[in-house]
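K.L.:
File my_file-v7.tsv below, TSV, C-alpha atoms:
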chain	number	residue	atom	x	y	z
O	1	MET	CA	-12.31	44.69	8.06
O	2	SER	CA	-10.55	42.85	10.81
O	3	GLU	CA	-7.15	41.35	10.16
O	4	THR	CA	-8.09	37.80	11.14
O	5	MET	CA	-11.18	35.71	11.77
O	6	THR	CA	-11.87	32.93	14.20
O	7	ILE	CA	-12.71	29.44	12.99
O	8	THR	CA	-13.19	26.31	15.06
O	9	ILE	CA	-11.54	22.99	14.20
O	10	ASP	CA	-12.55	19.99	16.31
O	11	GLY	CA	-13.61	22.35	19.09
O	12	ARG	CA	-10.41	24.36	19.06
O	13	GLU	CA	-10.55	28.03	18.06
O	14	ILE	CA	-7.86	29.15	15.64
O	15	GLN	CA	-7.21	32.35	13.72
O	16	ALA	CA	-7.44	32.50	9.93
O	17	ARG	CA	-6.51	35.30	7.55
O	18	PRO	CA	-8.90	36.34	4.80
O	19	GLY	CA	-8.04	34.44	1.62
O	20	GLN	CA	-6.62	31.46	3.46
O	21	THR	CA	-8.10	28.06	2.79
O	22	ILE	CA	-9.18	25.93	5.72
O	23	LEU	CA	-6.19	23.66	5.10
O	24	GLU	CA	-3.73	26.57	5.15
O	25	ALA	CA	-5.23	28.15	8.26
O	26	ALA	CA	-5.24	24.80	10.06
O	27	GLU	CA	-1.65	24.12	9.09
O	28	ALA	CA	-0.53	27.54	10.33
O	29	ALA	CA	-2.13	26.71	13.67
O	30	GLY	CA	-0.40	23.33	13.86
O	31	VAL	CA	-3.46	21.28	12.89
O	32	TYR	CA	-2.75	18.66	10.25
O	33	ILE	CA	-5.51	17.94	7.78
O	34	PRO	CA	-4.53	14.87	5.74
O	35	ARG	CA	-4.04	15.66	2.04
O	36	LEU	CA	-2.71	14.04	-1.09
O	37	CYS	CA	-3.33	16.08	-4.26
O	38	TYR	CA	-2.60	19.31	-2.37
O	39	MET	CA	0.97	20.57	-2.53
O	40	LYS	CA	2.25	23.85	-1.19
O	41	GLY	CA	2.95	26.23	-4.08
O	42	LEU	CA	0.50	24.62	-6.49
O	43	THR	CA	-3.02	25.76	-7.35
O	44	PRO	CA	-5.34	23.59	-5.22
O	45	HIS	CA	-7.04	20.86	-7.23
O	46	GLY	CA	-9.56	19.45	-4.75
O	47	SER	CA	-9.68	16.12	-6.56
O	48	CYS	CA	-8.39	13.45	-4.17
O	49	ARG	CA	-10.91	14.33	-1.42
O	50	VAL	CA	-8.53	13.09	1.30
O	51	CYS	CA	-8.67	16.54	2.93
O	52	THR	CA	-12.47	16.43	3.16
O	53	VAL	CA	-13.66	18.08	6.37
O	54	LEU	CA	-17.14	18.94	7.58
O	55	VAL	CA	-17.70	22.70	7.40
O	56	ASN	CA	-20.81	23.60	9.37
O	57	GLY	CA	-21.88	20.00	8.79
O	58	ARG	CA	-21.23	19.91	5.03
O	59	PRO	CA	-18.38	17.95	3.43
O	60	GLN	CA	-15.86	20.23	1.71
O	61	SER	CA	-12.29	19.79	0.51
O	62	ALA	CA	-10.18	21.80	2.95
O	63	CYS	CA	-7.58	22.61	0.28
O	64	THR	CA	-10.08	24.59	-1.83
O	65	GLN	CA	-12.59	25.84	0.73
O	66	PRO	CA	-11.82	29.37	2.00
O	67	ALA	CA	-11.96	29.99	5.73
O	68	THR	CA	-15.04	31.99	6.66
O	69	PRO	CA	-15.72	33.78	9.98
O	70	GLY	CA	-17.16	31.49	12.61
O	71	ALA	CA	-16.93	28.33	10.50
O	72	VAL	CA	-17.22	25.19	12.62
O	73	ILE	CA	-15.03	22.46	11.17
O	74	GLU	CA	-14.72	18.78	11.95
O	75	ASN	CA	-11.43	17.18	10.92
O	76	ASP	CA	-10.11	14.48	13.21
O	77	THR	CA	-13.23	12.35	13.70
O	78	GLU	CA	-13.98	8.65	13.36
O	79	ARG	CA	-16.39	9.30	10.50
O	80	LEU	CA	-13.90	11.33	8.46
O	81	LEU	CA	-11.10	8.89	9.22
O	82	ALA	CA	-13.30	6.10	7.83
O	83	LEU	CA	-13.96	8.11	4.65
O	84	ARG	CA	-10.28	8.93	4.21
O	85	ARG	CA	-9.25	5.32	4.78
O	86	ASN	CA	-11.68	4.23	2.09
O	87	ILE	CA	-10.22	6.71	-0.40
O	88	ILE	CA	-6.70	5.49	0.27
O	89	GLU	CA	-7.75	1.83	0.03
O	90	MET	CA	-9.48	2.48	-3.29
O	91	LEU	CA	-6.38	4.22	-4.65
O	92	PHE	CA	-4.32	1.16	-3.73
O	93	VAL	CA	-6.60	-1.37	-5.43
O	94	GLU	CA	-7.25	0.62	-8.59
O	95	GLY	CA	-3.56	0.84	-9.49
O	96	ASN	CA	-0.69	-1.62	-9.25
O	97	HIS	CA	1.16	-0.60	-6.11
O	98	PHE	CA	4.01	-2.97	-5.32
O	99	CYS	CA	5.57	-1.26	-2.32
O	100	MET	CA	8.05	-4.07	-1.72
O	101	PHE	CA	10.23	-3.05	-4.65
O	102	CYS	CA	9.10	0.51	-5.36
O	103	GLU	CA	11.89	3.10	-5.23
O	104	LYS	CA	9.51	5.55	-3.62
O	105	SER	CA	8.66	3.27	-0.69
O	106	GLY	CA	9.30	5.03	2.61
O	107	ASN	CA	9.00	8.44	0.94
O	108	CYS	CA	5.62	7.85	-0.70
O	109	GLU	CA	2.70	10.01	0.44
O	110	LEU	CA	0.06	7.44	-0.53
O	111	GLN	CA	1.82	4.76	1.50
O	112	ALA	CA	2.44	7.19	4.35
O	113	LEU	CA	-1.27	8.03	4.56
O	114	ALA	CA	-2.09	4.31	4.68
O	115	TYR	CA	0.39	3.97	7.55
O	116	ARG	CA	-1.02	7.00	9.34
O	117	PHE	CA	-4.57	5.70	9.02
O	118	GLY	CA	-3.50	2.25	10.21
O	119	ILE	CA	-4.46	0.34	7.07
O	120	PRO	CA	-2.90	-3.14	7.31
O	121	ALA	CA	-4.31	-4.18	3.92
O	122	PRO	CA	-6.87	-2.65	1.54
O	123	MET	CA	-10.20	-4.47	1.77
O	124	TYR	CA	-11.54	-3.74	-1.70
O	125	PRO	CA	-10.98	-6.27	-4.49
O	126	TYR	CA	-7.86	-5.54	-6.53
O	127	LEU	CA	-8.45	-4.42	-10.11
O	128	TRP	CA	-4.97	-5.18	-11.54
O	129	PRO	CA	-5.28	-2.75	-14.47
O	130	LYS	CA	-2.90	-3.01	-17.41
O	131	ARG	CA	-0.81	0.16	-17.45
O	132	GLU	CA	2.31	1.30	-19.27
O	133	VAL	CA	5.81	2.23	-18.22
O	134	ASP	CA	7.57	4.95	-20.24
O	135	ALA	CA	11.33	4.92	-19.72
O	136	SER	CA	12.18	6.77	-22.92
O	137	HIS	CA	13.51	9.89	-21.17
O	138	PRO	CA	17.22	9.66	-20.28
O	139	ASP	CA	16.77	10.88	-16.68
O	140	VAL	CA	13.11	10.36	-15.73
O	141	MET	CA	10.68	7.47	-15.97
O	142	VAL	CA	6.89	7.37	-15.82
O	143	ASP	CA	5.25	4.30	-14.32
O	144	HIS	CA	1.51	4.62	-14.86
O	145	ASN	CA	0.93	1.59	-12.63
O	146	ARG	CA	1.57	3.86	-9.66
O	147	CYS	CA	-0.14	7.02	-10.89
O	148	ILE	CA	-3.03	8.20	-8.71
O	149	LEU	CA	-4.10	11.08	-10.99
O	150	CYS	CA	-3.44	13.78	-8.39
O	151	ALA	CA	-2.43	16.26	-11.13
O	152	ARG	CA	0.55	17.52	-9.17
O	153	CYS	CA	2.90	16.98	-12.13
O	154	VAL	CA	0.31	18.55	-14.45
O	155	ARG	CA	0.04	21.68	-12.29
O	156	ALA	CA	3.74	21.93	-11.47
O	157	SER	CA	4.76	21.65	-15.10
O	158	ARG	CA	2.18	24.20	-16.20
O	159	ASP	CA	2.44	26.72	-13.34
O	160	LEU	CA	5.97	26.38	-11.99
O	161	ASP	CA	8.03	25.07	-14.91
O	162	GLY	CA	6.00	26.92	-17.59
O	163	LYS	CA	6.13	23.89	-19.86
O	164	ASN	CA	2.88	21.90	-19.91
O	165	VAL	CA	4.66	18.56	-20.24
O	166	PHE	CA	1.80	16.61	-18.65
O	167	GLN	CA	-1.95	16.65	-19.19
O	168	PHE	CA	-4.88	14.37	-18.51
O	169	VAL	CA	-6.52	12.50	-21.37
O	170	ASN	CA	-9.73	10.42	-21.39
O	171	ARG	CA	-12.27	10.12	-18.61
O	172	ASN	CA	-13.36	7.96	-15.70
O	173	GLY	CA	-11.57	4.62	-15.56
O	174	HIS	CA	-9.66	5.45	-18.74
O	175	LYS	CA	-8.25	8.73	-17.43
O	176	ARG	CA	-4.48	8.91	-17.45
O	177	VAL	CA	-1.61	11.35	-17.57
O	178	ALA	CA	-0.31	11.89	-21.10
O	179	VAL	CA	2.78	13.75	-22.23
O	180	ASN	CA	2.97	16.73	-24.53
O	181	ALA	CA	4.63	14.90	-27.41
O	182	GLU	CA	3.69	12.51	-30.19
O	183	ALA	CA	4.16	9.50	-27.94
O	184	ARG	CA	6.88	9.42	-25.34
O	185	LEU	CA	8.27	11.38	-22.41
O	186	GLY	CA	11.67	11.33	-24.10
O	187	ASP	CA	10.26	13.54	-26.85
O	188	THR	CA	9.20	16.34	-24.48
O	189	ASP	CA	11.33	19.20	-23.15
O	190	LEU	CA	11.13	17.84	-19.57
O	191	LYS	CA	14.31	18.26	-17.55
O	192	VAL	CA	15.11	16.13	-14.53
O	193	THR	CA	15.41	19.32	-12.47
O	194	ASP	CA	11.84	20.39	-13.31
O	195	LYS	CA	9.53	20.90	-10.36
O	196	ALA	CA	7.03	18.53	-12.02
O	197	VAL	CA	9.33	15.56	-11.39
O	198	ALA	CA	9.69	16.28	-7.68
O	199	ALA	CA	5.96	16.99	-7.34
O	200	CYS	CA	4.90	13.34	-7.71
O	201	PRO	CA	3.69	12.05	-4.32
O	202	VAL	CA	4.07	8.40	-5.39
O	203	GLY	CA	6.52	6.48	-7.53
O	204	ALA	CA	4.89	7.31	-10.87
O	205	LEU	CA	7.49	9.94	-11.83
O	206	LEU	CA	10.95	8.88	-10.79
O	207	LYS	CA	14.42	10.22	-11.31
O	208	LYS	CA	16.59	7.50	-12.75
O	209	ARG	CA	19.73	6.16	-11.08
O	210	VAL	CA	19.00	7.47	-7.58
O	211	GLY	CA	16.71	4.70	-6.33
O	212	TYR	CA	17.24	3.10	-2.92
O	213	ALA	CA	19.96	5.66	-2.06
O	214	VAL	CA	18.44	6.27	1.37
O	215	PRO	CA	18.49	3.14	3.55
O	216	VAL	CA	15.40	1.75	5.29
O	217	GLY	CA	15.11	3.48	8.64
O	218	LYS	CA	16.24	6.87	7.32
O	219	ARG	CA	13.41	7.57	4.89
O	220	LEU	CA	10.79	10.28	5.38
O	221	TYR	CA	8.02	8.19	6.91
O	222	ASP	CA	9.94	5.33	8.53
O	223	HIS	CA	9.51	6.57	12.11
O	224	GLU	CA	6.94	9.36	12.23
O	225	PRO	CA	3.54	9.47	10.51
O	226	ILE	CA	3.08	11.92	7.65
O	227	GLY	CA	1.89	15.26	9.04
O	228	SER	CA	3.82	14.95	12.31
O	229	ASP	CA	6.04	17.84	11.23
O	230	ILE	CA	3.06	20.20	11.09
O	231	ALA	CA	2.12	19.69	14.74
O	232	ALA	CA	5.80	19.66	15.73
O	233	ALA	CA	6.57	22.95	13.96
O	234	HIS	CA	3.80	24.68	15.86
O	235	LYS	CA	5.06	23.52	19.26
O	236	LYS	CA	8.50	25.10	18.80
J	1	MET	CA	-3.36	-27.17	30.40
J	2	ALA	CA	-2.28	-28.02	26.89
J	3	LYS	CA	-0.46	-25.31	25.04
J	4	PRO	CA	-2.33	-23.58	22.20
J	5	LYS	CA	-1.28	-24.73	18.77
J	6	VAL	CA	0.04	-22.66	15.91
J	7	ALA	CA	0.09	-23.77	12.28
J	8	THR	CA	1.96	-22.07	9.45
J	9	THR	CA	2.18	-22.45	5.71
J	10	SER	CA	3.75	-20.85	2.68
J	11	LEU	CA	1.40	-20.63	-0.31
J	12	ALA	CA	2.55	-18.49	-3.26
J	13	GLY	CA	5.36	-17.02	-1.16
J	14	CYS	CA	9.13	-17.26	-0.98
J	15	PHE	CA	9.50	-18.47	2.63
J	16	GLY	CA	10.91	-15.04	3.49
J	17	CYS	CA	8.13	-14.54	6.04
J	18	HIS	CA	9.02	-17.85	7.69
J	19	MET	CA	12.63	-16.68	7.75
J	20	SER	CA	11.44	-13.53	9.47
J	21	LEU	CA	9.66	-15.69	12.08
J	22	LEU	CA	12.97	-17.44	12.75
J	23	ASP	CA	14.53	-13.99	13.01
J	24	ILE	CA	12.91	-13.53	16.43
J	25	ASP	CA	16.21	-15.11	17.54
J	26	ASP	CA	16.29	-16.47	21.10
J	27	ARG	CA	12.66	-15.50	21.61
J	28	ILE	CA	11.94	-18.69	19.69
J	29	LEU	CA	12.67	-20.51	22.97
J	30	LYS	CA	9.95	-18.46	24.64
J	31	LEU	CA	7.66	-19.14	21.70
J	32	VAL	CA	7.94	-22.93	22.09
J	33	GLU	CA	7.11	-22.47	25.77
J	34	LEU	CA	3.97	-20.60	24.75
J	35	VAL	CA	2.78	-22.78	21.86
J	36	ASP	CA	3.08	-26.10	20.08
J	37	PHE	CA	3.51	-26.12	16.34
J	38	ASP	CA	1.00	-28.16	14.37
J	39	LYS	CA	1.00	-28.37	10.56
J	40	SER	CA	3.96	-26.26	9.53
J	41	PRO	CA	7.18	-26.38	7.53
J	42	VAL	CA	8.93	-25.61	10.84
J	43	ASP	CA	8.32	-29.15	12.14
J	44	ASP	CA	7.38	-30.75	8.81
J	45	ILE	CA	3.96	-31.90	10.02
J	46	LYS	CA	2.00	-32.32	6.77
J	47	GLU	CA	-1.58	-32.61	7.99
J	48	PHE	CA	-3.48	-30.98	10.83
J	49	THR	CA	-3.55	-33.09	14.02
J	50	GLY	CA	-6.27	-31.03	15.66
J	51	ARG	CA	-7.71	-27.60	16.33
J	52	CYS	CA	-5.23	-24.69	16.21
J	53	ALA	CA	-5.46	-21.33	17.93
J	54	ILE	CA	-3.56	-19.44	15.24
J	55	GLY	CA	-2.77	-20.04	11.60
J	56	LEU	CA	-0.06	-17.97	9.91
J	57	ILE	CA	-0.47	-17.73	6.15
J	58	GLU	CA	2.47	-16.67	4.04
J	59	GLY	CA	1.80	-16.08	0.33
J	60	GLY	CA	-1.32	-15.55	-1.73
J	61	CYS	CA	-3.22	-18.06	-3.85
J	62	CYS	CA	-1.76	-18.70	-7.30
J	63	ASN	CA	-3.04	-22.26	-7.85
J	64	GLU	CA	-5.80	-24.64	-6.82
J	65	GLU	CA	-3.62	-26.32	-4.19
J	66	ASN	CA	-3.05	-22.97	-2.46
J	67	VAL	CA	-6.81	-22.54	-2.26
J	68	ARG	CA	-7.31	-26.02	-0.78
J	69	VAL	CA	-4.57	-25.50	1.83
J	70	LEU	CA	-5.95	-22.08	2.74
J	71	GLN	CA	-9.47	-23.46	3.14
J	72	ASP	CA	-8.04	-26.26	5.29
J	73	PHE	CA	-6.35	-23.65	7.49
J	74	ARG	CA	-9.58	-21.71	7.81
J	75	LYS	CA	-11.33	-24.91	8.89
J	76	HIS	CA	-8.76	-25.77	11.57
J	77	CYS	CA	-7.68	-22.38	12.95
J	78	ASP	CA	-9.54	-20.05	15.30
J	79	ILE	CA	-7.56	-17.04	14.13
J	80	LEU	CA	-6.12	-16.74	10.64
J	81	ILE	CA	-3.40	-14.17	9.97
J	82	SER	CA	-2.24	-13.00	6.54
J	83	VAL	CA	1.50	-12.61	6.95
J	84	GLY	CA	3.45	-10.53	4.44
J	85	ASP	CA	2.60	-8.63	1.28
J	86	CYS	CA	1.95	-11.75	-0.84
J	87	ALA	CA	-0.78	-12.86	1.57
J	88	THR	CA	-2.22	-9.37	2.02
J	89	MET	CA	-2.11	-8.13	-1.60
J	90	GLY	CA	-0.66	-10.86	-3.85
J	91	GLY	CA	2.90	-9.57	-3.78
J	92	ILE	CA	5.52	-10.31	-6.42
J	93	PRO	CA	3.61	-13.32	-7.87
J	94	ALA	CA	0.71	-10.92	-8.57
J	95	LEU	CA	2.90	-9.11	-11.13
J	96	ARG	CA	1.44	-11.62	-13.59
J	97	ASN	CA	-2.08	-10.48	-12.86
J	98	ASN	CA	-2.45	-8.23	-15.87
J	99	ILE	CA	-0.83	-10.72	-18.25
J	100	PRO	CA	-3.02	-13.47	-19.76
J	101	LEU	CA	-2.26	-16.90	-18.28
J	102	GLU	CA	-1.40	-18.37	-21.68
J	103	GLU	CA	1.26	-15.72	-22.23
J	104	CYS	CA	2.74	-16.50	-18.81
J	105	TYR	CA	3.01	-20.20	-19.69
J	106	GLU	CA	4.52	-19.46	-23.09
J	107	GLU	CA	7.10	-17.10	-21.62
J	108	ALA	CA	8.05	-19.56	-18.87
J	109	TYR	CA	8.18	-22.76	-20.93
J	110	LEU	CA	8.55	-21.82	-24.59
J	111	ASN	CA	9.76	-18.31	-25.37
J	112	GLY	CA	11.82	-17.20	-22.39
J	113	PRO	CA	15.48	-16.40	-23.22
J	114	SER	CA	16.86	-19.16	-20.97
J	115	VAL	CA	14.27	-21.85	-21.81
J	116	HIS	CA	15.53	-25.26	-22.98
J	117	ASN	CA	12.48	-27.26	-24.00
J	118	PRO	CA	13.13	-29.16	-27.24
J	119	LYS	CA	9.73	-30.89	-27.19
J	120	GLY	CA	8.00	-27.56	-26.79
J	121	ARG	CA	5.65	-29.01	-24.21
J	122	ILE	CA	4.06	-27.03	-21.42
J	123	PRO	CA	4.02	-29.15	-18.20
J	124	ASP	CA	0.60	-30.80	-18.00
J	125	ASP	CA	1.05	-33.68	-15.54
J	126	PRO	CA	-2.29	-34.17	-13.73
J	127	GLU	CA	-0.39	-34.11	-10.42
J	128	LEU	CA	0.56	-30.47	-10.98
J	129	PRO	CA	-1.94	-28.07	-9.44
J	130	LEU	CA	-3.59	-25.86	-12.04
J	131	LEU	CA	-2.78	-22.17	-11.95
J	132	LEU	CA	-5.56	-19.74	-11.15
J	133	ASP	CA	-6.35	-16.97	-13.62
J	134	LYS	CA	-4.80	-14.48	-11.18
J	135	VAL	CA	-2.91	-14.47	-7.91
J	136	TYR	CA	-5.38	-13.67	-5.14
J	137	PRO	CA	-4.69	-12.16	-1.72
J	138	CYS	CA	-5.87	-14.57	0.99
J	139	HIS	CA	-8.79	-12.43	2.11
J	140	GLU	CA	-10.32	-12.66	-1.36
J	141	VAL	CA	-10.53	-16.46	-0.83
J	142	VAL	CA	-11.36	-17.01	2.88
J	143	LYS	CA	-12.08	-14.77	5.85
J	144	ILE	CA	-8.87	-13.43	7.36
J	145	ASP	CA	-8.79	-12.10	10.92
J	146	TYR	CA	-5.52	-10.13	11.06
J	147	TYR	CA	-3.08	-8.66	8.58
J	148	LEU	CA	0.66	-8.24	9.10
J	149	PRO	CA	2.03	-6.62	5.93
J	150	GLY	CA	5.69	-6.28	5.04
J	151	CYS	CA	8.17	-7.91	2.74
J	152	PRO	CA	8.77	-9.61	5.04
J	153	PRO	CA	7.05	-8.31	8.18
J	154	PRO	CA	9.80	-7.59	10.73
J	155	ALA	CA	10.44	-10.31	13.33
J	156	ASP	CA	9.24	-7.85	15.99
J	157	THR	CA	5.91	-7.46	14.17
J	158	LEU	CA	5.33	-11.22	14.16
J	159	TRP	CA	6.47	-11.59	17.77
J	160	GLU	CA	4.38	-8.72	19.14
J	161	ALA	CA	1.26	-9.85	17.29
J	162	LEU	CA	1.62	-13.48	18.39
J	163	VAL	CA	2.27	-12.59	22.02
J	164	ALA	CA	-0.70	-10.21	22.09
J	165	LEU	CA	-3.05	-12.80	20.58
J	166	LEU	CA	-1.80	-15.63	22.81
J	167	SER	CA	-2.35	-13.51	25.91
J	168	ASN	CA	-5.81	-12.35	24.76
J	169	LYS	CA	-4.75	-8.75	24.32
J	170	PRO	CA	-5.66	-6.47	21.41
J	171	VAL	CA	-3.11	-6.34	18.61
J	172	ASN	CA	-2.05	-2.68	18.73
J	173	LEU	CA	1.25	-2.58	16.95
J	174	PRO	CA	3.35	0.60	17.05
J	175	TYR	CA	3.65	2.74	13.90
J	176	GLU	CA	7.07	1.39	13.03
J	177	LEU	CA	5.96	-2.25	12.87
J	178	ILE	CA	3.31	-1.94	10.14
J	179	LYS	CA	5.13	-1.30	6.86
J	180	TYR	CA	4.55	-2.48	3.31
J	181	ASP	CA	8.21	-3.06	2.40
Kindly present the structure from the file in structure tokens form.
P.N.:
Amino acid sequence: MSETMTITIDGREIQARPGQTILEAAEAAGVYIPRLCYMKGLTPHGSCRVCTVLVNGRPQSACTQPATPGAVIENDTERLLALRRNIIEMLFVEGNHFCMFCEKSGNCELQALAYRFGIPAPMYPYLWPKREVDASHPDVMVDHNRCILCARCVRASRDLDGKNVFQFVNRNGHKRVAVNAEARLGDTDLKVTDKAVAACPVGALLKKRVGYAVPVGKRLYDHEPIGSDIAAAHKK
Amino acid sequence: MAKPKVATTSLAGCFGCHMSLLDIDDRILKLVELVDFDKSPVDDIKEFTGRCAIGLIEGGCCNEENVRVLQDFRKHCDILISVGDCATMGGIPALRNNIPLEECYEEAYLNGPSVHNPKGRIPDDPELPLLLDKVYPCHEVVKIDYYLPGCPPPADTLWEALVALLSNKPVNLPYELIKYD
């Protein structure tokens, strides 16, 4: 068995190791595939579909699909950009995302993807759901208005923290993240230092008393689109 | 040749976006060389005097008057631009959108901690525009041609977009000028 295999992304041949997903192989070669529910170190979830690529013409989530020898992959195309934009726009209208006062603004991956895709305003009708805020924990708050159900906190708590603080309940439009306690986050054994807290890509799980510490202009995505670091790291 | 005309308005907004327009500093002198202002709080013209090239809309629609003004702008302007987060997504006023209207009224005029209203009457003068059930972004009411998000959009965003449109160039703003906060 050969050490690596060749796959093609947008016409460019790159090397992949057996066991690598398409997303991992692309990233190692300096090719950014947009992603949202994927997070390095967590079991891939394949649920947000932002990383959808065409593998030999079929749509697959790059974070779960293993690289296979000779696979021909489309990533950075008009058609896929349109699909990804639609996903991001739908995530914006199905929650209550008030960027103007959100502590996560500037460091938010959902917002950063909208910026990267050049979305000036979502075009779908806003749903304005009624969602809860749970501020019962002394150091962490949950704002369900901003939750995009990526399961990063669920996976991080289960796999990295060994705690299972978060889980999904209900289905479809009623699906939400619940906590492993009778009612409130304050009743769980969550610690502010848990990896689950830092895993949230949006402002749904926030550390208290540290908001707005970084000024506008110095935040993660103020100057460079999300994913720029992946191409930049490869050039060095 | 007559200068193209620009109209502006603030619907359910805070005038912050208009402040950001003034924040173009001395470029405002160049702007008045490029355009005339028609209906706008800038010159206090209350009604349209004619056809406008560009209409800048700050704020979303929270009441029936906002809707009328917005429809009037659509009728008189070739290009309509949603300026700021309230126009593009409802903004802060839209925080009431998942609270029933009656509860909003009761909190504002009867039960709020700082309310002084001995007669317990909710304002009902027929001159007051009725609130809509929700606050709507402008594009859910009329067709909008361009969107400049931000709270407010930076002065550079407004300037670059206006200059591009007035010189018939595509509006391709750099990454740093399209932000939601």
K.L.:
Excluding same-chain residues fewer than 4 positions from Lys39 in chain J, what lies within 6 Å of it counting all atoms listed in the file, as a list in words?
P.N.:
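Once the nearby chain positions are removed, what remains is Ala7, Ile45, Lys46, Glu47 and Phe48 of chain J.
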K.L.:
Leaving out Gly84 in chain J and any residue of its chain fewer than 2 positions from it, which residues lie within 12 Å of it when counting all atoms listed in the file, given as number ranges by chain?
P.N.:
O: 99-100, 120-121; J: 10-21, 56-60, 81-82, 86-92, 137-138, 146-155, 157-158, 178-181
K.L.:
Dump as JSON, numbers by chain the residues of chain O that approach chain J to within 12 Å, counting only C-alpha atoms.
P.N.:
{"O": [89, 92, 93, 95, 96, 97, 98, 99, 100, 101, 102, 103, 104, 105, 106, 107, 108, 110, 111, 112, 113, 114, 115, 116, 117, 118, 119, 120, 121, 122, 123, 124, 125, 126, 127, 128, 129, 130, 131, 132, 145, 216, 217, 221, 222, 223, 224, 225, 226]}
K.L.:
Work out how far apart CA of Tyr32 in chain O and CA of Gly227 in chain O are and give it in Å to one decimal.
P.N.:
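Straight-line distance from CA of Tyr32 in chain O to CA of Gly227 in chain O works out to 5.9 Å.
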K.L.:
Would you please work out which residue, of O:Asn180, O:Thr64, O:Thr188, O:Asn86, is nearest to Ser136 in chain O when using only C-alpha atoms?
P.N.:
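Comparing O:Asn180, O:Thr64, O:Thr188, O:Asn86 against Ser136 in chain O, the winner is O:Thr188.
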K.L.:
Between O:Glu74, O:Ile14, O:Asp159, O:Gly186, which one has atoms that come closest to Gly57 in chain O, using all atoms listed in the file?
P.N.:
O:Glu74
K.L.:
My list of candidates is O:Val53, O:Val169, O:Cys63, O:Leu205. Which is closest to Arg79 in chain O when distances are computed with only C-alpha atoms?
P.N.:
O:Val53
K.L.:
Rank O:His137, O:Arg171, O:Arg17, O:His144 by their smallest atom-to-atom distance to Arg184 in chain O, using only C-alpha atoms, and report the top residue only.
P.N.:
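Residue with the minimum atom-to-atom distance to Arg184 in chain O: O:His137.
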K.L.:
Using all atoms listed in the file, which residues sit within 12 Å of Pro123 in chain J once same-chain residues fewer than 6 positions away are excluded, as a list of chain:residue names?
P.N.:
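So, after excluding close chain neighbours, the residues are J:Tyr105, J:Glu106, J:Ala108, J:Tyr109, J:Leu110, J:Asn117, J:Pro129, J:Leu130, J:Leu131.
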K.L.:
Would you mind reading off the distance between CA of Phe168 in chain O and CA of His45 in chain O, one decimal, in Å?
P.N.:
13.2 Å
K.L.:
Rounded to one decimal place, report the CA of Thr43 in chain O-CA of Val133 in chain O distance in Å.
P.N.:
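Answer for the CA of Thr43 in chain O to CA of Val133 in chain O separation: 27.4 Å.
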K.L.:
Mind listing whatever residues come within 10 Å of the point (9.2, 19.0, -5.3)? Use all atoms listed in the file, file coordinates, and give them as a list in words.
P.N.:
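Final list of nearby residues, as requested, is Met39, Lys40, Gly41, Arg152, Cys153, Ala156, Thr193, Asp194, Lys195, Ala196, Val197, Ala198, Ala199, Cys200 and Pro201 of chain O.
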K.L.:
Choose the residue, out of J:Asn168, J:Glu103, J:Glu64, J:Asp156, that has the smallest atom-to-atom separation from Arg27 in chain J; count all atoms listed in the file.
P.N.:
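Among the listed residues, the smallest separation from Arg27 in chain J belongs to J:Asp156.
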K.L.:
Mind checking which residues fall within 12 Å of Glu27 in chain O, counting all atoms listed in the file, ignoring those fewer than 6 positions away in the same chain, and posting them as a VMD selection string?
P.N.:
chain O and resid 9 14 to 16 20 to 21 33 to 35 40 62 to 63 227 to 234
K.L.:
Kindly add N, CA and C atoms to the incomplete range 65-73 of chain O and provide the output as a PDB file, in the coordinates of the input.
P.N.:
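Output (result-v1.pdb):
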ATOM      1  N   GLN O  65     -11.548  25.085   0.049  1.00  0.00           N
ATOM      2  CA  GLN O  65     -12.590  25.840   0.730  1.00  0.00           C
ATOM      3  C   GLN O  65     -11.977  27.000   1.526  1.00  0.00           C
ATOM      4  N   PRO O  66     -12.378  28.253   1.231  1.00  0.00           N
ATOM      5  CA  PRO O  66     -11.820  29.370   2.000  1.00  0.00           C
ATOM      6  C   PRO O  66     -12.342  29.357   3.443  1.00  0.00           C
ATOM      7  N   ALA O  67     -11.512  29.825   4.344  1.00  0.00           N
ATOM      8  CA  ALA O  67     -11.960  29.990   5.730  1.00  0.00           C
ATOM      9  C   ALA O  67     -12.959  31.136   5.772  1.00  0.00           C
ATOM     10  N   THR O  68     -14.042  30.930   6.502  1.00  0.00           N
ATOM     11  CA  THR O  68     -15.040  31.990   6.660  1.00  0.00           C
ATOM     12  C   THR O  68     -15.282  32.219   8.141  1.00  0.00           C
ATOM     13  N   PRO O  69     -15.601  33.476   8.542  1.00  0.00           N
ATOM     14  CA  PRO O  69     -15.720  33.780   9.980  1.00  0.00           C
ATOM     15  C   PRO O  69     -16.706  32.846  10.671  1.00  0.00           C
ATOM     16  N   GLY O  70     -16.273  32.293  11.786  1.00  0.00           N
ATOM     17  CA  GLY O  70     -17.160  31.490  12.610  1.00  0.00           C
ATOM     18  C   GLY O  70     -17.396  30.079  12.114  1.00  0.00           C
ATOM     19  N   ALA O  71     -16.706  29.683  11.024  1.00  0.00           N
ATOM     20  CA  ALA O  71     -16.930  28.330  10.500  1.00  0.00           C
ATOM     21  C   ALA O  71     -16.585  27.292  11.560  1.00  0.00           C
ATOM     22  N   VAL O  72     -17.463  26.290  11.685  1.00  0.00           N
ATOM     23  CA  VAL O  72     -17.220  25.190  12.620  1.00  0.00           C
ATOM     24  C   VAL O  72     -16.834  23.960  11.801  1.00  0.00           C
ATOM     25  N   ILE O  73     -15.610  23.488  12.041  1.00  0.00           N
ATOM     26  CA  ILE O  73     -15.030  22.460  11.170  1.00  0.00           C
ATOM     27  C   ILE O  73     -14.731  21.198  11.966  1.00  0.00           C
TER      28      ILE O  73
END
